[in-house]
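S.K.: The file below is final.pdb, PDB, C-alpha atoms:
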```pdb
ATOM      1  CA  MET R1312     -84.144  10.375-147.192
ATOM      2  CA  LEU R1313     -84.638   9.309-143.568
ATOM      3  CA  SER R1314     -82.053   6.514-143.627
ATOM      4  CA  HIS R1315     -79.518   8.726-145.425
ATOM      5  CA  LEU R1316     -80.063  11.544-142.950
ATOM      6  CA  THR R1317     -79.744   9.233-139.945
ATOM      7  CA  ASP R1318     -76.540   7.696-141.303
ATOM      8  CA  LEU R1319     -75.117  11.136-142.010
ATOM      9  CA  ILE R1320     -75.892  12.396-138.496
ATOM     10  CA  ILE R1321     -74.274   9.318-136.883
ATOM     11  CA  TRP R1322     -71.181   9.862-139.048
ATOM     12  CA  LEU R1323     -70.991  13.606-138.405
ATOM     13  CA  GLU R1324     -71.786  13.822-134.691
ATOM     14  CA  PRO R1325     -68.388  12.803-133.172
ATOM     15  CA  HIS R1326     -66.570  15.455-135.223
ATOM     16  CA  ALA R1327     -69.364  17.923-136.036
ATOM     17  CA  PHE R1328     -67.314  21.105-135.607
ATOM     18  CA  LEU R1329     -64.390  19.877-137.736
ATOM     19  CA  LEU R1330     -66.618  18.519-140.496
ATOM     20  CA  ALA R1331     -68.650  21.742-140.540
ATOM     21  CA  PHE R1332     -65.426  23.376-141.745
ATOM     22  CA  ALA R1333     -64.196  20.548-143.964
ATOM     23  CA  LEU R1334     -67.257  19.318-145.851
ATOM     24  CA  PRO R1335     -68.529  22.413-147.752
ATOM     25  CA  PRO R1336     -65.578  22.506-150.199
ATOM     26  CA  VAL R1337     -65.878  18.742-150.673
ATOM     27  CA  ILE R1338     -69.606  19.071-151.332
ATOM     28  CA  ARG R1339     -68.928  21.787-153.925
ATOM     29  CA  VAL R1340     -66.892  19.213-155.887
ATOM     30  CA  VAL R1341     -68.849  15.997-155.203
ATOM     31  CA  GLY R1342     -72.288  17.247-154.206
ATOM     32  CA  HIS R1343     -73.957  14.258-155.861
ATOM     33  CA  TRP R1344     -72.577  12.080-153.012
ATOM     34  CA  ILE R1345     -73.555  14.402-150.156
ATOM     35  CA  PRO R1346     -76.288  16.828-151.279
ATOM     36  CA  GLU R1347     -75.733  20.246-149.728
ATOM     37  CA  GLU R1348     -79.301  20.509-148.439
ATOM     38  CA  LEU R1349     -78.954  17.182-146.603
ATOM     39  CA  PHE R1350     -75.677  18.334-145.039
ATOM     40  CA  MET R1351     -77.233  21.613-143.885
ATOM     41  CA  VAL R1352     -80.232  19.840-142.362
ATOM     42  CA  ALA R1353     -77.853  17.463-140.554
ATOM     43  CA  MET R1354     -75.894  20.430-139.175
ATOM     44  CA  GLY R1355     -79.128  21.867-137.806
ATOM     45  CA  VAL R1356     -79.959  18.574-136.104
ATOM     46  CA  LEU R1357     -76.459  18.302-134.597
ATOM     47  CA  ALA R1358     -76.550  21.894-133.341
ATOM     48  CA  ALA R1359     -79.921  21.261-131.695
ATOM     49  CA  ARG R1360     -78.607  18.100-129.997
ATOM     50  CA  THR R1361     -75.749  19.909-128.231
ATOM     51  CA  ASP R1362     -76.124  21.026-124.614
ATOM     52  CA  SER R1363     -74.253  24.291-125.154
ATOM     53  CA  PRO R1364     -75.577  27.308-127.101
ATOM     54  CA  GLY R1365     -71.937  28.260-127.708
ATOM     55  CA  VAL R1366     -71.212  24.940-129.399
ATOM     56  CA  ALA R1367     -74.347  25.269-131.543
ATOM     57  CA  ALA R1368     -73.340  28.801-132.570
ATOM     58  CA  GLY R1369     -69.829  27.516-133.329
ATOM     59  CA  ILE R1370     -71.196  24.802-135.625
ATOM     60  CA  PHE R1371     -73.351  27.296-137.526
ATOM     61  CA  GLY R1372     -70.479  29.778-137.698
ATOM     62  CA  ALA R1373     -68.127  27.119-139.046
ATOM     63  CA  VAL R1374     -70.660  26.135-141.714
ATOM     64  CA  VAL R1375     -71.139  29.743-142.874
ATOM     65  CA  ILE R1376     -67.408  30.538-142.876
ATOM     66  CA  SER R1377     -66.535  27.391-144.804
ATOM     67  CA  HIS R1378     -69.298  27.885-147.377
ATOM     68  CA  PHE R1379     -68.344  31.557-147.752
ATOM     69  CA  ALA R1380     -64.661  30.712-148.346
ATOM     70  CA  THR R1381     -65.645  27.999-150.843
ATOM     71  CA  ASP R1382     -67.929  30.411-152.708
ATOM     72  CA  GLN R1383     -65.096  32.939-152.970
ATOM     73  CA  ALA R1384     -62.865  30.238-154.453
ATOM     74  CA  VAL R1385     -65.492  29.458-157.117
ATOM     75  CA  TYR R1386     -65.874  33.200-157.803
ATOM     76  CA  LEU R1387     -62.090  33.545-158.264
ATOM     77  CA  ALA R1388     -62.128  30.508-160.550
ATOM     78  CA  GLY R1389     -64.716  32.343-162.652
ATOM     79  CA  ARG R1390     -62.440  35.395-162.876
ATOM     80  CA  TRP R1391     -59.592  33.117-163.948
ATOM     81  CA  LEU R1392     -61.861  31.558-166.591
ATOM     82  CA  ARG R1393     -62.936  34.891-168.106
ATOM     83  CA  PRO R1394     -60.113  35.247-170.673
ATOM     84  CA  ARG R1395     -59.927  31.458-171.178
ATOM     85  CA  LEU R1396     -63.619  30.592-171.428
ATOM     86  CA  GLY R1397     -63.360  29.785-175.132
ATOM     87  CA  ARG R1398     -61.105  26.832-174.291
ATOM     88  CA  PHE R1399     -63.898  25.218-172.281
ATOM     89  CA  PRO R1400     -67.009  25.207-174.529
ATOM     90  CA  ARG R1401     -69.034  22.982-172.208
ATOM     91  CA  ILE R1402     -68.487  25.301-169.263
ATOM     92  CA  GLU R1403     -69.224  28.313-171.451
ATOM     93  CA  VAL R1404     -72.575  26.829-172.496
ATOM     94  CA  ARG R1405     -73.498  26.081-168.875
ATOM     95  CA  LEU R1406     -72.635  29.607-167.750
ATOM     96  CA  ARG R1407     -74.024  31.538-170.707
ATOM     97  CA  SER R1408     -77.602  32.063-169.466
ATOM     98  CA  VAL R1409     -76.391  33.302-166.088
ATOM     99  CA  THR R1410     -73.604  35.494-167.471
ATOM    100  CA  ASP R1411     -76.058  37.073-169.913
ATOM    101  CA  ARG R1412     -78.413  37.950-167.074
ATOM    102  CA  LEU R1413     -75.646  39.367-164.909
ATOM    103  CA  ALA R1414     -74.222  41.381-167.796
ATOM    104  CA  ASN R1415     -77.581  42.836-168.806
ATOM    105  CA  SER R1416     -78.908  43.902-165.408
ATOM    106  CA  PRO R1417     -77.153  45.028-162.199
ATOM    107  CA  THR R1418     -80.077  43.721-160.119
ATOM    108  CA  ALA R1419     -79.675  40.211-161.565
ATOM    109  CA  LEU R1420     -77.038  39.582-158.886
ATOM    110  CA  LEU R1421     -79.914  39.209-156.402
ATOM    111  CA  GLY R1422     -80.761  35.983-158.238
ATOM    112  CA  LEU R1423     -77.784  34.504-156.399
ATOM    113  CA  VAL R1424     -79.916  34.332-153.237
ATOM    114  CA  PRO R1425     -82.513  31.788-154.474
ATOM    115  CA  ALA R1426     -79.824  30.037-156.531
ATOM    116  CA  ARG R1427     -77.673  29.639-153.396
ATOM    117  CA  VAL R1428     -80.556  28.458-151.215
ATOM    118  CA  LEU R1429     -82.218  26.093-153.690
ATOM    119  CA  PRO R1430     -80.642  23.443-155.931
ATOM    120  CA  VAL R1431     -80.902  25.557-159.107
ATOM    121  CA  GLY R1432     -77.344  25.795-160.402
ATOM    122  CA  ARG R1433     -75.674  27.587-157.490
ATOM    123  CA  GLY R1434     -72.206  26.646-158.778
ATOM    124  CA  ALA R1435     -72.937  28.221-162.158
ATOM    125  CA  TRP R1436     -74.090  31.436-160.478
ATOM    126  CA  LEU R1437     -70.986  31.652-158.312
ATOM    127  CA  ALA R1438     -68.626  31.095-161.252
ATOM    128  CA  ALA R1439     -70.605  33.413-163.556
ATOM    129  CA  CYS R1440     -70.244  36.272-161.060
ATOM    130  CA  GLY R1441     -66.489  35.921-161.469
ATOM    131  CA  VAL R1442     -66.681  35.607-165.253
ATOM    132  CA  VAL R1443     -68.589  38.896-165.652
ATOM    133  CA  GLN R1444     -66.361  40.490-162.978
ATOM    134  CA  VAL R1445     -69.060  41.485-160.533
ATOM    135  CA  PRO R1446     -67.232  43.757-158.049
ATOM    136  CA  TRP R1447     -66.056  41.596-155.177
ATOM    137  CA  PRO R1448     -67.597  43.686-152.343
ATOM    138  CA  ARG R1449     -71.032  43.414-153.985
ATOM    139  CA  PHE R1450     -70.623  39.711-154.632
ATOM    140  CA  ALA R1451     -69.413  39.034-151.088
ATOM    141  CA  ALA R1452     -72.305  40.977-149.533
ATOM    142  CA  VAL R1453     -74.985  39.218-151.604
ATOM    143  CA  ASP R1454     -73.332  35.833-151.119
ATOM    144  CA  LEU R1455     -73.223  36.317-147.347
ATOM    145  CA  ALA R1456     -76.911  37.268-147.323
ATOM    146  CA  ALA R1457     -77.681  34.180-149.407
ATOM    147  CA  LEU R1458     -75.743  31.982-146.985
ATOM    148  CA  VAL R1459     -77.658  33.361-144.011
ATOM    149  CA  VAL R1460     -80.949  32.546-145.765
ATOM    150  CA  HIS R1461     -79.551  29.127-146.746
ATOM    151  CA  LEU R1462     -78.652  28.423-143.112
ATOM    152  CA  ALA R1463     -82.030  29.643-141.850
ATOM    153  CA  VAL R1464     -83.973  27.482-144.319
ATOM    154  CA  TRP R1465     -82.141  24.152-144.222
ATOM    155  CA  SER R1466     -80.318  24.141-140.872
ATOM    156  CA  GLY R1467     -83.341  25.818-139.322
ATOM    157  CA  LEU R1468     -85.421  22.924-140.608
ATOM    158  CA  GLY R1469     -83.023  20.475-138.964
ATOM    159  CA  TRP R1470     -83.096  22.408-135.682
ATOM    160  CA  TRP R1471     -86.891  22.664-135.609
ATOM    161  CA  PHE R1472     -87.511  18.946-136.138
ATOM    162  CA  ALA R1473     -84.389  17.543-134.476
ATOM    163  CA  GLY R1474     -86.410  15.495-132.016
ATOM    164  CA  ASP R1475     -88.417  13.673-134.668
ATOM    165  CA  LEU R1476     -86.343  12.516-137.650
ATOM    166  CA  ARG R1477     -89.291  10.772-139.283
ATOM    167  CA  ARG R1478     -91.244  14.028-139.236
ATOM    168  CA  LEU R1479     -88.090  15.808-140.382
ATOM    169  CA  SER R1480     -87.753  13.526-143.384
ATOM    170  CA  ALA R1481     -91.309  14.163-144.553
ATOM    171  CA  SER R1482     -90.985  17.923-144.030
ATOM    172  CA  ALA R1483     -87.622  18.117-145.786
ATOM    173  CA  ASP R1484     -88.968  16.229-148.800
ATOM    174  CA  ALA R1485     -92.037  18.448-148.941
ATOM    175  CA  GLY R1486     -89.888  21.562-148.547
ATOM    176  CA  LYS R1487     -87.648  20.462-151.361
ATOM    177  CA  VAL R1488     -90.623  19.930-153.698
ATOM    178  CA  VAL R1489     -92.079  23.342-152.821
ATOM    179  CA  GLY R1490     -88.655  24.949-153.156
ATOM    180  CA  THR R1491     -88.106  23.402-156.562
ATOM    181  CA  TRP R1492     -91.451  24.698-157.843
ATOM    182  CA  LEU R1493     -90.687  28.148-156.452
ATOM    183  CA  ALA R1494     -87.340  28.033-158.227
ATOM    184  CA  VAL R1495     -89.041  27.046-161.497
ATOM    185  CA  ALA R1496     -91.522  29.927-161.115
ATOM    186  CA  LEU R1497     -88.658  32.337-160.443
ATOM    187  CA  ILE R1498     -86.708  31.114-163.477
ATOM    188  CA  LEU R1499     -89.792  31.482-165.700
ATOM    189  CA  ALA R1500     -90.388  35.016-164.419
ATOM    190  CA  ILE R1501     -86.761  35.995-164.996
ATOM    191  CA  SER R1502     -86.828  34.403-168.460
ATOM    192  CA  ALA R1503     -89.999  36.312-169.385
ATOM    193  CA  VAL R1504     -88.455  39.621-168.300
ATOM    194  CA  THR R1505     -85.226  38.788-170.155
ATOM    195  CA  VAL R1506     -87.118  37.962-173.381
ATOM    196  CA  TRP R1507     -89.186  41.135-173.077
ATOM    197  CA  ARG R1508     -86.076  43.291-172.570
ATOM    198  CA  SER R1509     -84.332  41.521-175.453
ATOM    199  CA  ARG R1510     -87.254  42.301-177.765
ATOM    200  CA  GLU R1511     -87.207  45.908-176.595
ATOM    201  CA  ARG R1512     -83.484  46.141-177.380
ATOM    202  CA  ARG R1513     -83.970  44.565-180.812
ATOM    203  CA  THR R1514     -86.829  46.964-181.572
ATOM    204  CA  ALA R1515     -84.737  49.921-180.417
ATOM    205  CA  ASP R1516     -81.793  48.734-182.529
ATOM    206  CA  ALA R1517     -84.037  48.318-185.563
ATOM    207  CA  VAL R1518     -85.476  51.817-185.128
ATOM    208  CA  ALA R1519     -81.989  53.243-184.654
ATOM    209  CA  GLY R1520     -80.818  51.423-187.795
ATOM    210  CA  GLU R1521     -83.703  52.841-189.816
ATOM    211  CA  ASP R1522     -82.954  56.333-188.474
ATOM    212  CA  ARG R1523     -79.299  55.963-189.504
ATOM    213  CA  LEU R1524     -80.296  54.824-193.007
ATOM    214  CA  ASP R1525     -82.738  57.717-193.291
ATOM    215  CA  LEU R1526     -80.041  60.164-192.154
ATOM    216  CA  ARG R1527     -77.575  58.775-194.689
ATOM    217  CA  ALA R1528     -80.184  59.040-197.449
ATOM    218  CA  ARG R1529     -80.940  62.667-196.574
ATOM    219  CA  THR R1530     -77.214  63.445-196.366
ATOM    220  CA  SER R1531     -76.653  61.905-199.804
ATOM    221  CA  ASP R1532     -79.568  63.903-201.257
ATOM    222  CA  ASN R1533     -78.196  67.143-199.784
ATOM    223  CA  LEU R1534     -74.724  66.415-201.157
ATOM    224  CA  GLY R1535     -76.186  65.646-204.589
ATOM    225  CA  ARG R1536     -78.129  68.882-204.612
ATOM    226  CA  SER R1537     -75.135  70.940-203.504
ATOM    227  CA  ARG R1538     -73.012  69.460-206.305
ATOM    228  CA  SER R1539     -75.663  70.133-208.883
TER
END
```
Step by step, read the file and then write its structure as structure tokens.

M.R.:
Amino acid sequence: MLSHLTDLIIWLEPHAFLLAFALPPVIRVVGHWIPEELFMVAMGVLAARTDSPGVAAGIFGAVVISHFATDQAVYLAGRWLRPRLGRFPRIEVRLRSVTDRLANSPTALLGLVPARVLPVGRGAWLAACGVVQVPWPRFAAVDLAALVVHLAVWSGLGWWFAGDLRRLSASADAGKVVGTWLAVALILAISAVTVWRSRERRTADAVAGEDRLDLRARTSDNLGRSRS
């Protein structure tokens, strides 16, 4: 990671402010070339290397604004997909687990925060919020909070270790491993709760079905007796 990070910083530094605006939408499309976490760490390093607090604040502001605008575009794409999702079965399969969670629980939207910060399908979460038509003010507020945490974690890491890139590389790799395990633990917890609630709903539906059958049987008996 060290060589990639160093190369990225050298490439970004002459035009840091402009690229802070321009790269987030590119990363959303081709993130396998420039991982978002690496970009955010590099932005933290570049902000720390400036002599002006105003310039550093401008870089961070540009990053947040650009990411926020890009996230809104993905959200709107999800709204556009809603009536057309059947035409794109692969996308539907990728979004199904997230859309189910969002549809079943209003608090599931908070899952956007770890999904936005960690590499655990953030694009799917953004699009799924549009597909299930999460109200835009709620989505925007949670997304902005997630971006602030995202900036604090990854760009904060770059800022903190800007003077020692070798130390930065080791810390970033360790942070990514820890973050991935935390994400796995969170997904398992959410899955367990989802399965438990699904079983509860199935049990409730089964009981309701038995009650309806019992009511119909009693109604039929009463009608038979009245006729006789």

S.K.: Give me the residues near Phe1332 of chain R as a list in words, where near means some atom within 10 Å (using all atoms listed in the file) and where sequence neighbours in that chain fewer than 2 positions away do not count.

M.R.: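 The contact residues come out as Ala1327, Phe1328, Leu1329, Leu1330, Leu1334, Pro1335, Pro1336, Ile1370, Phe1371, Gly1372, Ala1373, Val1374, Val1375, Ile1376, Ser1377, His1378 and Ala1380 of chain R.
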
S.K.: By how many Å are atom CA of Ser1416 of chain R and atom CA of Arg1393 of chain R apart?

M.R.: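 So the answer is 18.5 Å.
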
S.K.: So, with all atoms listed in the file as the atoms that count, which of R:Arg1395, R:Arg1339, R:His1326, R:Arg1360 lies closest to Val1442 of chain R?

M.R.: R:Arg1395

S.K.: Between atom CA of Ala1435 of chain R and atom CA of Val1409 of chain R, what is the distance, to one decimal in Å?

M.R.: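 Atom CA of Val1409 of chain R lies at a distance of 7.3 Å from atom CA of Ala1435 of chain R.
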
S.K.: Which distance in Å separates atom CA of Leu1462 of chain R and atom CA of Val1443 of chain R, to one decimal?

M.R.: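 Interatomic distance, atom CA of Leu1462 of chain R to atom CA of Val1443 of chain R: 26.8 Å.
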
S.K.: Please report, as JSON, the centre and edge lengths in Å to one decimal of an axis-aligned box covering all listed atoms of segment 1358-1365 of chain R with 5 Å per side.

M.R.:
```
{"center_x": -75.9, "center_y": 23.2, "center_z": -129.0, "size_x": 18.0, "size_y": 20.2, "size_z": 18.7}
```

S.K.: With all atoms listed in the file as the basis for distance, which of R:Leu1458, R:Val1341, R:Ala1439, R:Ala1359 is at the shortest distance from Glu1324 of chain R?

M.R.: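 Smallest distance to Glu1324 of chain R is found for R:Ala1359.
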
S.K.: List, as a PyMOL selection string, every residue that the PyMOL selection byres ((chain R and resi 1410) around 12) selects in the file provided.

M.R.: chain R and resi 1389+1393+1396+1402-1409+1411-1417+1419-1420+1422-1423+1435-1445

S.K.: I need the chosen residues saved as a PDB file, keeping the file's coordinate frame, with C-alpha atoms.

M.R.:
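Wrote result37.pdb, looks like this:
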```pdb
ATOM      1  CA  GLY R1389     -64.716  32.343-162.652  1.00  0.00           C
ATOM      2  CA  ARG R1393     -62.936  34.891-168.106  1.00  0.00           C
ATOM      3  CA  LEU R1396     -63.619  30.592-171.428  1.00  0.00           C
ATOM      4  CA  ILE R1402     -68.487  25.301-169.263  1.00  0.00           C
ATOM      5  CA  GLU R1403     -69.224  28.313-171.451  1.00  0.00           C
ATOM      6  CA  VAL R1404     -72.575  26.829-172.496  1.00  0.00           C
ATOM      7  CA  ARG R1405     -73.498  26.081-168.875  1.00  0.00           C
ATOM      8  CA  LEU R1406     -72.635  29.607-167.750  1.00  0.00           C
ATOM      9  CA  ARG R1407     -74.024  31.538-170.707  1.00  0.00           C
ATOM     10  CA  SER R1408     -77.602  32.063-169.466  1.00  0.00           C
ATOM     11  CA  VAL R1409     -76.391  33.302-166.088  1.00  0.00           C
ATOM     12  CA  ASP R1411     -76.058  37.073-169.913  1.00  0.00           C
ATOM     13  CA  ARG R1412     -78.413  37.950-167.074  1.00  0.00           C
ATOM     14  CA  LEU R1413     -75.646  39.367-164.909  1.00  0.00           C
ATOM     15  CA  ALA R1414     -74.222  41.381-167.796  1.00  0.00           C
ATOM     16  CA  ASN R1415     -77.581  42.836-168.806  1.00  0.00           C
ATOM     17  CA  SER R1416     -78.908  43.902-165.408  1.00  0.00           C
ATOM     18  CA  PRO R1417     -77.153  45.028-162.199  1.00  0.00           C
ATOM     19  CA  ALA R1419     -79.675  40.211-161.565  1.00  0.00           C
ATOM     20  CA  LEU R1420     -77.038  39.582-158.886  1.00  0.00           C
ATOM     21  CA  GLY R1422     -80.761  35.983-158.238  1.00  0.00           C
ATOM     22  CA  LEU R1423     -77.784  34.504-156.399  1.00  0.00           C
ATOM     23  CA  ALA R1435     -72.937  28.221-162.158  1.00  0.00           C
ATOM     24  CA  TRP R1436     -74.090  31.436-160.478  1.00  0.00           C
ATOM     25  CA  LEU R1437     -70.986  31.652-158.312  1.00  0.00           C
ATOM     26  CA  ALA R1438     -68.626  31.095-161.252  1.00  0.00           C
ATOM     27  CA  ALA R1439     -70.605  33.413-163.556  1.00  0.00           C
ATOM     28  CA  CYS R1440     -70.244  36.272-161.060  1.00  0.00           C
ATOM     29  CA  GLY R1441     -66.489  35.921-161.469  1.00  0.00           C
ATOM     30  CA  VAL R1442     -66.681  35.607-165.253  1.00  0.00           C
ATOM     31  CA  VAL R1443     -68.589  38.896-165.652  1.00  0.00           C
ATOM     32  CA  GLN R1444     -66.361  40.490-162.978  1.00  0.00           C
ATOM     33  CA  VAL R1445     -69.060  41.485-160.533  1.00  0.00           C
TER      34      VAL R1445
END
```

S.K.: Quick one: of R:Ile1338, R:Ala1452, R:Val1464, R:Ala1388, who's nearest to Val1428 of chain R, counting all atoms listed in the file?

M.R.: R:Val1464
